[in-house]
Amino acid sequence: MQRLLSMFVLMLAASAVAADKPNIDKVSVDKNERLYVIVHFDQPLPNVAGINQALFWEAILELKAGPRRRSVVAVDLSRFNESEAKKAGVDTSLVENSIRLQLSDEIPAEDCKVNVILLNKTTFLTASGAVSAIGGGHQKPLSPAKNRDDADIYFKGSHTTVYGDDPQWNIDAFAGYMKGVHTANRYYGKIGVYGQVQTKKSKKADPDSFLAYAVYQRVLGQTGGWLGPFQTPYLNGRLWGAEFDRKSSQRNWVTSPVVTFPFRLSHKLAGALQPGVTFPHMTVQLGTEFVDVADSILPAGKGWHVRGLVGATFSAGYAPESPLFHSIQFTSSWQVRFPSAPEIFYDNRFAPVNATGKKGDPPPMLGTQARHNLDNKFSYMFVKWLGVTIEHTYGSAPPTFNKTDHTLEVGLAFTLKQTSYGRYSILKP
Amino acid sequence: MPDSTTKRKKKSSRASKHVDHAQLLAPMSADAQDLPFLGHARAVVIVCTCAKTSPLNLSRTIEELGVDGLPFQQCVFGSVTSLKYVIDMDDIPDAPNTKLIDVVDAIQNAPKRP
């Protein structure tokens with residue numbers, strides 16, 4: 001225990017020391033000026049005296065022909081901080097915490113990697129960046145994810161063979177992908193698909209439940225700018241969707257246009273935001289779900305009906321990264337659905353009680369009452385990789401609306417990860 | 001208590017200071033600055049305008065700045081293409097953990113439309 005504690009203290013001390021080192025967060029080249037390398041710094045900014053001399057810097061290019069060294073002949077600090085901007089006669093609003101290293105020779109117009117080395121009396125740093133020959137970032141459409149929460153495409157399956165008994169299948173898989181549709185000067189939106197399949201301890205490789213959607217997203221404007229604290233709203237339409245749950249034999253077809261209104265709880269962020277602060281952000285959703293219940297355990301609930309949908313999300317956080325207080329984060333999402341016709345639901349309040357006083361499974365019922373679905377999550381991280389999460393859930397979600405009463409779940413977290421906006425917007429509401 | 005004339009003056013002064021998106025981008029277009037690539041300076045202006053923040057926050061992520069990724073990506077795409085440079089929308093990162101400087105890096109070498 002004592003050894004663990006001392007290791008913990010050492011790790012905290014190591015992270016505090018690491019935080020004092022200058023942090024280069026991007027090395028890039030503007031291809032209009034291939035004589036310069038742009039080096040951008042994150043907080044804490046280094047002392048000017050440690051970066052302002054050309055002899056502190058060296059550049060190594062990784063070209064097709066092999067590595068090439070470039071000497072740095074001058075350092076332009078005019079956009080590093082306010083005082084350097086004033087000295088150079090540059091407008092202080094252009095300060096961006098970056099410097100430009102002037103090289104002895106131009107960088108060739110080909111795919112290459114640029115490495116810079118900073119070496120002064122107290123600091124030795126290396127950083128690198130890629131220069132693409134065709135302009136643009138050219139993100140790879142897919143890259144490896146760290147875990148399930150991080151993934152947009154995920155598959156986990158297992159088959160267990162038991163001697164003298166039936167085999168068992170476990171499948172947990174989902175995939176979501178969105179693609180922008182546009183010409184060189186016109187934007188038409190994004191289309192994508194999302195699918196999810198789950199099977200637990202099944203004798204066959206059939207799904208217990210699945211969801212499948214074709215999605216169309218479109219920001220409602222060509223420029224996507226701001227009006228006060230409001231960003232441009234966007235349409236998130238499930239063109240076609242299927243929901244299936246084997247337990248209640250529920251199979252729904254869904255079409256749902258939903259408009260999302262995102263806004264920041266501040267008009268503008270003119271000054272520098274302290275590292276670690278997640279500025280409060282909200283979205284409000286309004287929409288309609290057109291549902292065709294194709295199959296159900298309760299035949300009276302079949303047929304077309306409409307659900308009105310109202311929802312909201314909120315997120316905020318703070319990460320001072322001080323000892324025993326790395327970060328806190330709060331996220332919340334709420335939706336309420338108003339079915340126009342009786343729709344299936346399960347509520348534990350109506351579960352039969354047996355002779356021993358134990359509650360059984362709730363029976364399927366029909367009703368038109370509002371269906372709330374609330375999920376609040378609070379994370380407190382002692383260090384980057386260890387913390388506590390408290391999650392509060394309440395309500396029910398389609399297709400079966402199995403109601404969960406107020407539930408508080410406290411757990412130990414080893415990582416803190418938020419799903420991407422892309423996948424989130426496909427999944428919810 | 002400010003009277004109605006003072007309020008009107010303040011309002012008109014705010015209105016005169018307001019620069020809309022098209023006005024802001026006009027002097028930066030490919031016609032106005034005949035450069036083969038979008039360039040770093042214009043990329044910084046576009047990204048900071050679309051995130052409604054200052055260049056001092058280039059190291060912060062989209063999530064930290066309370067910005068929704070979808071309209072932000074559309075704003076960057078619309079701005080780059082309106083300046084007559086070419087970029088694929090899916091090349092503009094919009095994940096919550098994307099730093100603004102990563103977006104600058106992704107768009108600064110967008111080539112001029114032929």
# chains A, B, ... in the order shown; residues from 1 in each chain; ligands from 1
>>> select_by_dssp(residues="region 213-382 of chain A", states="strand (DSSP E)", output="ChimeraX atom specification")
/A:213-219,226-227,230-231,234-245,250-264,277-295,303-318,327-339,343-346,364-367,371-382
>>> residues_around(residues="region 247-262 of chain A", least_positions_apart="6", cutoff="6 Å", atoms="only C-alpha atoms", output="list in words")
Gln231, Pro233, Tyr234, Leu235, Asn236, Gly237, Arg238, Leu239, Trp240, Gly241, Met282, Thr283, Val284, Gln285, Leu286, Gly287, Thr288, Glu289, Phe290, Val291, Asp292, Val293, Ala294, Asp295, Ser296 and Ile297 of chain A
>>> atom_distance(atom1="CA of Lys384 (chain A)", atom2="CA of Ser322 (chain A)")
10.4 Å
>>> closest_residue(among="B:Ala106, B:Val67, B:Val44, B:Leu38", to="chain A", atoms="only C-alpha atoms")
B:Ala106
>>> closest_residue(among="B:Ile101, B:Cys48, B:Glu64, B:Leu83", to="chain A", atoms="only C-alpha atoms")
B:Glu64
>>> closest_residue(among="A:Glu409, A:Asp361, A:Asp30, A:Asp42", to="Gly39 (chain B)", atoms="only C-alpha atoms")
A:Asp30
>>> atom_distance(atom1="CA of Asp94 (chain B)", atom2="CA of Gly66 (chain B)")
12.6 Å
>>> closest_residue(among="A:Val73, A:Val410, A:Cys112, A:Val131", to="chain B", atoms="only C-alpha atoms")
A:Val131
>>> interface_residues(of="chain A", to="chain B", cutoff="7 Å", atoms="only C-alpha atoms", output="MDAnalysis selection string")
chainID A and resid 28 30:32 42 94:97 135:139 179:180 184:185 219 222:225 231:232 262 264 268:273 277:281 420:421
